[in-house]
Structure formats: C-alpha cells, structure tokens
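work-v8.txt follows; it contains compact mmCIF, C-alpha atoms.
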```
# COMPACT_ATOMS: atom_id res chain seq x y z
CA MET L 1 2.59 64.65 13.06
CA ASN L 2 3.68 65.64 9.56
CA LYS L 3 1.89 63.18 7.27
CA GLN L 4 4.46 63.44 4.50
CA LEU L 5 3.33 60.18 2.89
CA ASP L 6 -0.26 61.30 2.23
CA GLY L 7 -1.52 59.76 -1.00
CA ARG L 8 1.28 57.22 -1.21
CA VAL L 9 0.69 53.48 -1.40
CA ALA L 10 3.11 51.22 0.46
CA ILE L 11 3.64 47.48 0.56
CA VAL L 12 5.42 45.96 3.56
CA THR L 13 6.31 42.26 3.37
CA GLY L 14 6.47 40.15 6.51
CA ALA L 15 4.38 42.82 8.23
CA GLY L 16 2.43 40.60 10.60
CA SER L 17 4.94 40.95 13.42
CA GLY L 18 8.24 42.43 14.53
CA LEU L 19 9.91 45.00 12.34
CA GLY L 20 7.41 44.65 9.53
CA ARG L 21 4.52 45.36 11.86
CA ALA L 22 6.27 48.44 13.24
CA HIS L 23 7.10 49.66 9.71
CA ALA L 24 3.52 49.23 8.51
CA LEU L 25 2.13 51.15 11.49
CA ALA L 26 4.68 53.95 11.08
CA LEU L 27 4.03 54.34 7.35
CA ALA L 28 0.29 54.48 7.99
CA ARG L 29 0.69 57.08 10.72
CA HIS L 30 2.55 59.24 8.21
CA GLY L 31 -0.33 59.01 5.78
CA ALA L 32 0.49 56.06 3.53
CA ARG L 33 -2.12 53.49 2.51
CA VAL L 34 -0.52 50.21 3.48
CA VAL L 35 -0.64 46.68 2.13
CA VAL L 36 0.19 44.44 5.09
CA ASN L 37 1.71 41.27 3.67
CA ASP L 38 2.22 38.15 5.76
CA ILE L 39 2.87 34.54 4.82
CA ASN L 40 0.22 33.34 7.29
CA GLY L 41 -2.60 34.68 5.15
CA SER L 42 -5.04 37.54 5.60
CA GLY L 43 -8.12 35.97 7.17
CA PRO L 44 -9.66 36.91 10.51
CA GLY L 45 -7.29 36.36 13.40
CA THR L 46 -4.15 36.24 11.27
CA PRO L 47 -1.24 38.51 12.22
CA GLY L 48 -1.50 40.49 8.98
CA ARG L 49 -5.20 41.13 9.43
CA GLU L 50 -4.63 42.24 13.03
CA VAL L 51 -2.06 44.81 11.89
CA ALA L 52 -4.32 46.07 9.11
CA ASP L 53 -7.25 46.30 11.54
CA ARG L 54 -5.15 48.30 13.97
CA ILE L 55 -4.24 50.75 11.21
CA LEU L 56 -7.94 51.12 10.40
CA ARG L 57 -8.80 51.70 14.07
CA GLU L 58 -6.18 54.43 14.21
CA GLY L 59 -7.81 56.19 11.27
CA GLY L 60 -5.48 54.94 8.57
CA VAL L 61 -6.05 52.96 5.39
CA ALA L 62 -4.80 49.41 5.00
CA MET L 63 -5.49 45.99 3.57
CA ALA L 64 -4.07 42.62 4.58
CA VAL L 65 -2.79 40.44 1.76
CA GLY L 66 -1.39 36.99 2.40
CA GLY L 67 1.36 35.57 0.26
CA ASP L 68 4.78 33.98 0.19
CA VAL L 69 7.52 36.27 -1.14
CA ARG L 70 9.15 33.21 -2.72
CA ASP L 71 6.20 32.93 -5.11
CA PHE L 72 6.42 35.56 -7.87
CA ALA L 73 2.83 35.00 -9.03
CA GLN L 74 1.56 35.68 -5.52
CA MET L 75 3.59 38.88 -5.35
CA GLU L 76 2.30 40.01 -8.74
CA ASP L 77 -1.24 39.40 -7.48
CA MET L 78 -0.53 41.41 -4.33
CA VAL L 79 0.74 44.37 -6.35
CA ALA L 80 -2.24 44.14 -8.72
CA ARG L 81 -4.64 44.20 -5.77
CA ALA L 82 -2.97 47.27 -4.30
CA ALA L 83 -2.98 49.10 -7.63
CA GLY L 84 -6.56 48.01 -8.33
CA GLU L 85 -7.71 49.40 -5.00
CA TRP L 86 -5.62 52.56 -4.82
CA GLY L 87 -4.39 53.18 -8.36
CA ARG L 88 -0.64 52.93 -7.82
CA VAL L 89 2.20 51.53 -5.72
CA ASP L 90 4.80 54.01 -4.51
CA ILE L 91 6.72 52.28 -1.73
CA LEU L 92 7.99 48.73 -1.26
CA VAL L 93 9.59 47.60 1.98
CA ASN L 94 11.26 44.21 1.47
CA ASN L 95 11.20 43.08 5.08
CA ALA L 96 10.17 39.40 5.09
CA GLY L 97 12.85 37.06 6.40
CA ILE L 98 13.74 33.93 8.31
CA LEU L 99 16.69 32.51 10.23
CA ARG L 100 18.23 29.05 10.11
CA ASP L 101 21.29 29.61 12.28
CA LYS L 102 24.06 27.03 12.62
CA SER L 103 27.79 27.01 12.11
CA PHE L 104 28.68 26.43 8.47
CA SER L 105 30.03 22.94 9.18
CA LYS L 106 26.66 21.90 10.65
CA MET L 107 24.41 23.82 8.27
CA THR L 108 22.56 21.87 5.62
CA LEU L 109 22.50 23.11 2.05
CA ASP L 110 18.71 23.05 2.23
CA ASP L 111 18.78 25.59 5.06
CA PHE L 112 21.31 27.68 3.15
CA ARG L 113 19.11 27.72 0.05
CA LEU L 114 15.94 28.44 2.04
CA VAL L 115 17.38 31.55 3.65
CA LEU L 116 18.71 32.81 0.32
CA ASP L 117 15.35 32.10 -1.32
CA VAL L 118 13.36 34.06 1.25
CA HIS L 119 15.67 37.04 1.66
CA VAL L 120 17.19 37.39 -1.80
CA MET L 121 14.64 35.93 -4.20
CA GLY L 122 11.84 37.24 -2.00
CA ALA L 123 13.19 40.77 -2.46
CA VAL L 124 13.75 40.12 -6.17
CA ASN L 125 10.21 38.82 -6.67
CA CYS L 126 8.55 41.72 -4.89
CA THR L 127 10.75 44.31 -6.57
CA LYS L 128 10.19 42.80 -10.00
CA ALA L 129 6.45 42.89 -9.37
CA VAL L 130 6.50 46.68 -8.77
CA TRP L 131 9.38 47.72 -11.03
CA GLU L 132 7.61 48.39 -14.34
CA ARG L 133 4.73 50.09 -12.57
CA MET L 134 7.15 52.43 -10.78
CA ARG L 135 9.05 53.13 -13.99
CA GLY L 136 5.80 53.98 -15.74
CA GLN L 137 4.64 56.36 -13.04
CA GLN L 138 8.14 57.89 -12.74
CA TYR L 139 8.17 57.36 -8.99
CA GLY L 140 9.21 54.66 -6.56
CA ARG L 141 10.83 54.14 -3.19
CA ILE L 142 12.24 50.66 -2.50
CA ILE L 143 13.85 49.55 0.74
CA MET L 144 15.89 46.37 1.02
CA THR L 145 16.48 44.94 4.48
CA SER L 146 20.13 44.14 5.05
CA SER L 147 21.81 43.37 8.37
CA SER L 148 25.00 43.93 10.32
CA SER L 149 25.52 40.19 9.82
CA GLY L 150 25.68 40.74 6.08
CA LEU L 151 27.81 43.86 6.28
CA TYR L 152 30.27 42.62 8.90
CA GLY L 153 29.68 38.89 9.41
CA ASN L 154 28.33 36.96 12.38
CA PHE L 155 29.26 33.53 13.69
CA GLY L 156 26.68 30.88 12.83
CA GLN L 157 24.95 32.94 10.16
CA ALA L 158 26.74 32.14 6.90
CA ASN L 159 23.44 31.75 5.03
CA TYR L 160 21.84 34.87 6.52
CA SER L 161 25.02 36.92 6.07
CA ALA L 162 25.33 35.91 2.41
CA ALA L 163 21.69 36.81 1.79
CA LYS L 164 21.88 40.14 3.55
CA MET L 165 24.96 41.23 1.62
CA ALA L 166 23.35 40.06 -1.61
CA VAL L 167 20.45 42.49 -1.20
CA VAL L 168 22.97 45.32 -0.79
CA GLY L 169 24.39 44.48 -4.20
CA LEU L 170 20.86 44.34 -5.59
CA MET L 171 20.19 47.76 -4.11
CA GLN L 172 23.36 49.25 -5.57
CA THR L 173 22.49 48.29 -9.14
CA LEU L 174 18.76 49.00 -8.95
CA ALA L 175 19.50 52.48 -7.60
CA LEU L 176 21.58 53.13 -10.72
CA GLU L 177 19.00 51.65 -13.08
CA GLY L 178 16.08 53.40 -11.40
CA ALA L 179 17.61 56.86 -11.14
CA LYS L 180 16.19 58.32 -14.36
CA TYR L 181 12.72 57.07 -13.38
CA ASN L 182 12.84 58.70 -9.94
CA ILE L 183 13.02 55.28 -8.31
CA ARG L 184 15.20 55.54 -5.22
CA VAL L 185 16.51 52.33 -3.73
CA ASN L 186 18.17 52.00 -0.33
CA ALA L 187 19.10 49.36 2.22
CA LEU L 188 18.24 49.31 5.91
CA ALA L 189 20.32 47.37 8.44
CA PRO L 190 18.19 47.24 11.60
CA SER L 191 19.08 46.27 15.15
CA ALA L 192 15.84 45.31 16.85
CA ALA L 193 14.26 42.86 19.24
CA THR L 194 12.06 40.56 17.18
CA ALA L 195 11.19 36.88 17.10
CA MET L 196 14.48 36.40 15.25
CA THR L 197 16.54 37.72 18.23
CA GLU L 198 14.86 35.79 21.05
CA GLY L 199 17.41 33.83 23.05
CA VAL L 200 20.28 35.84 21.58
CA LEU L 201 20.11 39.03 23.67
CA SER L 202 19.38 39.63 27.36
CA PRO L 203 15.92 40.87 28.43
CA GLU L 204 17.38 44.28 29.22
CA GLU L 205 18.99 44.56 25.79
CA LEU L 206 15.83 43.38 24.07
CA GLU L 207 13.83 46.06 25.86
CA GLY L 208 16.13 48.74 24.50
CA LEU L 209 15.91 47.45 20.94
CA SER L 210 12.27 47.98 20.10
CA PRO L 211 11.28 47.59 16.44
CA GLU L 212 9.51 50.94 16.70
CA ALA L 213 12.89 52.64 17.20
CA VAL L 214 13.94 51.46 13.71
CA SER L 215 10.85 52.50 11.77
CA PRO L 216 11.68 56.24 11.50
CA ALA L 217 14.44 55.11 9.14
CA VAL L 218 11.86 53.39 6.92
CA VAL L 219 9.71 56.52 6.79
CA ALA L 220 12.75 58.61 5.84
CA LEU L 221 13.76 56.17 3.09
CA ALA L 222 10.17 56.07 1.81
CA ALA L 223 9.71 59.84 1.66
CA GLU L 224 9.69 61.98 -1.45
CA ASP L 225 13.08 63.49 -0.52
CA ALA L 226 14.64 60.10 0.28
CA PRO L 227 18.27 59.51 -0.63
CA THR L 228 19.28 56.69 -2.94
CA ARG L 229 22.02 54.06 -2.67
CA MET L 230 22.28 54.55 1.07
CA ILE L 231 22.95 51.80 3.59
CA LEU L 232 21.23 53.13 6.69
CA LEU L 233 21.83 51.43 10.04
CA ALA L 234 19.24 51.87 12.79
CA GLY L 235 18.71 50.59 16.31
CA ALA L 236 17.78 51.77 19.81
CA GLY L 237 17.14 55.28 18.49
CA SER L 238 20.55 55.59 16.85
CA PHE L 239 21.27 55.85 13.13
CA GLU L 240 24.49 55.36 11.17
CA ALA L 241 25.57 54.89 7.56
CA ALA L 242 27.67 52.06 6.15
CA HIS L 243 29.77 52.38 3.00
CA ILE L 244 31.44 49.91 0.67
CA THR L 245 34.70 51.69 0.00
CA MET L 246 37.83 51.28 -2.10
CA THR L 247 41.26 52.32 -0.88
CA LYS L 248 43.71 54.30 -2.97
CA GLY L 249 45.82 51.16 -3.25
CA ILE L 250 49.08 50.71 -5.10
CA PHE L 251 50.38 49.90 -8.55
CA VAL L 252 52.72 46.92 -8.77
CA GLY L 253 52.75 46.28 -12.49
CA ARG L 254 54.69 43.50 -14.22
CA THR L 255 57.63 43.07 -11.91
CA ASP L 256 59.86 40.02 -11.73
CA ASP L 257 57.82 38.74 -8.78
CA PRO L 258 54.45 40.53 -8.49
CA VAL L 259 53.20 38.12 -5.81
CA ARG L 260 56.15 38.90 -3.56
CA ASP L 261 55.79 42.65 -4.19
CA LEU L 262 52.06 42.51 -3.51
CA GLN L 263 52.53 40.59 -0.26
CA ALA L 264 55.17 43.04 0.91
CA ARG L 265 52.79 45.97 0.45
CA LEU L 266 49.49 44.62 1.76
CA GLY L 267 49.61 47.19 4.55
CA GLU L 268 49.71 50.01 1.99
CA ILE L 269 46.80 48.48 0.12
CA ARG L 270 44.72 48.34 3.29
CA ASP L 271 45.55 51.95 4.27
CA ARG L 272 42.18 53.71 4.43
CA ARG L 273 43.47 57.23 3.99
CA ASP L 274 41.89 58.80 0.90
CA GLU L 275 39.56 55.83 0.40
CA MET L 276 36.55 56.44 -1.83
CA VAL L 277 32.99 55.25 -2.36
CA PRO L 278 32.79 54.30 -6.05
CA GLY L 279 29.84 55.61 -8.02
CA SER L 280 29.60 52.26 -9.80
CA GLY L 281 31.63 49.10 -10.33
CA TRP L 282 33.26 50.65 -13.40
CA GLU L 283 35.20 53.06 -11.18
CA GLN L 284 37.42 50.19 -10.05
CA TYR L 285 38.30 49.48 -13.69
CA ARG L 286 38.95 53.16 -14.41
CA LEU L 287 41.14 53.64 -11.34
CA GLU L 288 43.23 50.55 -12.02
CA LEU L 289 43.72 51.39 -15.69
CA ALA L 290 44.67 54.95 -14.80
CA LYS L 291 47.29 53.75 -12.30
CA ALA L 292 48.65 51.46 -15.00
CA GLY L 293 49.05 54.41 -17.35
CA PHE L 294 46.01 53.87 -19.55
CA SER L 295 43.28 56.43 -20.08
CA ARG L 296 39.90 56.49 -21.80
```

Please go through the file and, once you have read it, give me the structure as structure tokens.
Amino acid sequence: MNKQLDGRVAIVTGAGSGLGRAHALALARHGARVVVNDINGSGPGTPGREVADRILREGGVAMAVGGDVRDFAQMEDMVARAAGEWGRVDILVNNAGILRDKSFSKMTLDDFRLVLDVHVMGAVNCTKAVWERMRGQQYGRIIMTSSSSGLYGNFGQANYSAAKMAVVGLMQTLALEGAKYNIRVNALAPSAATAMTEGVLSPEELEGLSPEAVSPAVVALAAEDAPTRMILLAGAGSFEAAHITMTKGIFVGRTDDPVRDLQARLGEIRDRRDEMVPGSGWEQYRLELAKAGFSR
C-alpha cells in the first residue's frame, strides 16, 4: 500500500464507530498518525480507545481523545494534545453526528437545535481549533461531512438536512479563505450502513453499504494532492461529484408587470443548458449586473 500520508497528523471526530472508525483506520493504514475522537471518552473499553488500540496493533500510530464537538474548549484541548505529541495537525475529518428524525410537524425545536449544534457548530468548533495552526504551517486538509439529505432533501430529516447543507456552505467559504495558505477544504456525502441507518435499509442493502467503502474518499481528500471545494459523494464503492450550479437565466428588467413576465418564463430560467458553477457568490452579482447592462 502507498502510504501517502506518512508524517501527517489527522483528527477524526466521532471515530469510535461507523464511518469515523473506518476513516480513522484507513488514514492510519496510509501512514497518518491519528487522533481518534469520541464523545464517550478515551478510557479502557471505550469505543475510541478500542479503535486507537487496533491502529496500534496494526503497526500504526494513534491516540484516543474523548470530547464533545459542541464544546470548543474541549476541541482546543484535543488539538493542543495532538500538536504537543506530534508537532502539528494536518488533517481534520469533521465526522461526528447524530440523528433526531421526525416529520417537521412533529419535530421539537430542541431536537432541531441539537442536530444543528452537533453537525454545524461541531464542525465549526473543530475547524476553528485547527485553523490558525494550519494557516501558520501553510498546510491543511479539512473534510466536512455532508449528506444526500442535505443536498437533495429527505422526508423526516428537516433538521439533519439543514445541518448537512450548512456545512457545504461552510466548506465553500473556507476553501476560498484557506487557498493562499494551502488549506484545502472539501465535503463528503457518504452512503453507508452505520448506527444511523439501522431500521432504514434492508439487511441486504446494509451489507452492500459498508463504511469501509466510503473511506477511500477521505484518504483522497486528505492527501497532499487533494482538490478543494469539491462535494464528493461515496457509497458501495461508487463515487460521484455534486455541484451547486447557476443557470444562464433570463433578463426581465423593469417591465410593466415583471411578476407576470417572470412567471411566464420560469421554464427558461430552469433550463440547465450552459449552467455554470460559480467561483464565488460574487459571480451571481456580476452575471446579473452584466445582463442588466452594467459592467465593472
């Protein structure tokens, strides 16, 4: 195996089980020294310790660090421990997550906030804890965990969907801000059988969706030649890319009835021929001003 991550230090949150466990093992097998984070702590018998011990048995380097991604001070301490032990932090995989599925009409606001806090603020806290260190060392690879539910919606997952699309927006901006510091930021949308999919898929489908089939995507996004601003989909050994695009659209201008004219041409607006992937949010402004006859 090509150990292309030799010398790199990686943190994987929620790594005691499921996808996080598979990611931590894969990163270690490719040479990374891995911080295995899990909310259940790091003592003997905890899931995080078991994953770290397995990495050690396989000849890798790892430490288990407990901590709740919702607590910024705990995440700062985790990063400090990694840097204190190994001198740097190169890779962050924001994987920790929870589900509180119900239809929106039955969902409590507490459950909505909790899911946002874990997925969105958890990713923010961990990323903030490594950001200045990565800027200073002129190197970083950060992976946000999105979901098909966030990209395309899923019944009964309004909270989860909102959170998973939010981290895509976070990725888009951090990729722009990190570019000159060689910090590459991407999003992964996995399809895998984990504790969060039990009871949703059939046993046969679950068998085909092993977390290990997703982890090659994490290694690729953590590598030195990783892309940036990519939404990479992965599941069952297949990989795809998702894009947030903008159609060519139309110019209506100040007509007598712009609402009527807009409604009459919604089909043209939705026409995906010649659609583009904007380099930043400002490209929408530039395109619309240009169609209106302004230029800068």

**OP:** Work out how far atom CA of L:Gly153 is from atom CA of L:Val259, in Å to one decimal.
**Re:** 28.0 Å

**OP:** Enter the distance from atom CA of L:Lys248 to atom CA of L:Val167, in Å, rounded to one decimal.
**Re:** 26.1 Å

**OP:** Within 7 Å of L:Pro227, counting all atoms listed in the file, which residues show up once you throw out same-chain ones fewer than 3 positions away? Write them as a list of chain:residue names, please.
**Re:**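 Result of the neighbour search: L:Arg184, L:Leu221, L:Met230.
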
With C-alpha atoms retained, could you export that selection as a CSV table (one decimal), in the coordinates of the input?
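part_1.csv was written with the following content:
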```csv
chain,number,residue,atom,x,y,z
L,184,ARG,CA,15.2,55.5,-5.2
L,221,LEU,CA,13.8,56.2,3.1
L,230,MET,CA,22.3,54.6,1.1
```

Original post:
At what distance in Å, to one decimal, does atom CA of L:Ser191 lie from atom CA of L:Ala64?
Top reply: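 Value for the atom CA of L:Ala64-atom CA of L:Ser191 distance: 25.7 Å.
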
Subject >> Residue with smallest distance to L:Glu283 - pool L:Leu27, L:Ala192, L:Met246, L:Leu56, counting only C-alpha atoms >> reply: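 Among the listed residues, the smallest separation from L:Glu283 belongs to L:Met246.
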
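Closest to L:Phe251 among L:Leu201, L:Ala292, L:Val277, L:Ala163 is L:Ala292, based on only C-alpha atoms.
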
Original post:
Quick one: of L:Ile39, L:Val185, L:Ala82, L:Leu209, who's nearest to L:Val118, counting all atoms listed in the file?
Top reply: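 Of L:Ile39, L:Val185, L:Ala82, L:Leu209, the one nearest L:Val118, counting all atoms listed in the file, is L:Ile39.
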
What lies within 12 Å of L:Gly235 using all atoms listed in the file, ignoring chain neighbours under 6 positions off, as an mmCIF file with C-alpha atoms, keeping the file's coordinate frame?
```
data_model
loop_
_atom_site.group_PDB
_atom_site.id
_atom_site.type_symbol
_atom_site.label_atom_id
_atom_site.label_comp_id
_atom_site.auth_asym_id
_atom_site.auth_seq_id
_atom_site.Cartn_x
_atom_site.Cartn_y
_atom_site.Cartn_z
ATOM 1 C CA LEU L 19 9.910 45.000 12.340
ATOM 2 C CA SER L 147 21.810 43.370 8.370
ATOM 3 C CA SER L 148 25.000 43.930 10.320
ATOM 4 C CA LEU L 188 18.240 49.310 5.910
ATOM 5 C CA ALA L 189 20.320 47.370 8.440
ATOM 6 C CA PRO L 190 18.190 47.240 11.600
ATOM 7 C CA SER L 191 19.080 46.270 15.150
ATOM 8 C CA ALA L 192 15.840 45.310 16.850
ATOM 9 C CA ALA L 193 14.260 42.860 19.240
ATOM 10 C CA GLU L 205 18.990 44.560 25.790
ATOM 11 C CA LEU L 206 15.830 43.380 24.070
ATOM 12 C CA GLU L 207 13.830 46.060 25.860
ATOM 13 C CA GLY L 208 16.130 48.740 24.500
ATOM 14 C CA LEU L 209 15.910 47.450 20.940
ATOM 15 C CA SER L 210 12.270 47.980 20.100
ATOM 16 C CA PRO L 211 11.280 47.590 16.440
ATOM 17 C CA GLU L 212 9.510 50.940 16.700
ATOM 18 C CA ALA L 213 12.890 52.640 17.200
ATOM 19 C CA VAL L 214 13.940 51.460 13.710
ATOM 20 C CA SER L 215 10.850 52.500 11.770
ATOM 21 C CA PRO L 216 11.680 56.240 11.500
ATOM 22 C CA ALA L 217 14.440 55.110 9.140
ATOM 23 C CA VAL L 218 11.860 53.390 6.920
ATOM 24 C CA ALA L 241 25.570 54.890 7.560
#
```

Original post:
Which protein, DNA or RNA residues have an atom at most 9 Å from (0.9, 42.0, -4.2), counting only C-alpha atoms? List them as number ranges by chain.
Top reply: L: 11, 35, 37, 65-67, 73-83, 126, 129-130

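Residues in contact with L:Gly150 at 7 Å, where only C-alpha atoms are counted and same-chain residues fewer than 4 positions away are skipped, are listed as Ser146, Ser161, Ala162, Lys164 and Met165 of chain L.
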
Around all the atoms of stretch 86-98 of chain L listed in the file, draw an axis-aligned box and extend it by 6 Å on each of the six sides; I want its centre and edge lengths in Å to one decimal, as JSON.
```
{"center_x": 4.1, "center_y": 44.0, "center_z": 0.0, "size_x": 31.4, "size_y": 32.1, "size_z": 28.7}
```

**OP:** Extract, using all atoms listed in the file, all DNA, RNA and protein residues at most 10 Å from L:Gly281, discarding same-chain residues fewer than 4 positions from it, and format them as a PyMOL selection string.
**Re:** chain L and resi 172-173+285-286

**OP:** Considering only C-alpha atoms, state which residue in the set L:Glu268, L:Gly169, L:Glu224, L:Gln157 is at the smallest distance from L:Asp111.
**Re:** L:Gln157

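With all atoms listed in the file as the atoms that count, the minimum distance from L:Ser280 to the choices L:Thr245, L:Gln263, L:Ser149, L:Asn95 is reached by L:Thr245.
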
Subject >> Proximity to L:Val200 - best of L:Asp101, L:Arg254, L:Leu25, L:Ala123, all atoms listed in the file >> reply: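 Of L:Asp101, L:Arg254, L:Leu25, L:Ala123, the one nearest L:Val200 is L:Asp101, counting all atoms listed in the file.
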
Subject >> All residues 6 Å or closer to L:Ala15, only C-alpha atoms, same chain fewer than 3 positions away omitted, as a VMD selection string >> reply: chain L and resid 12 20 to 21 36 to 38
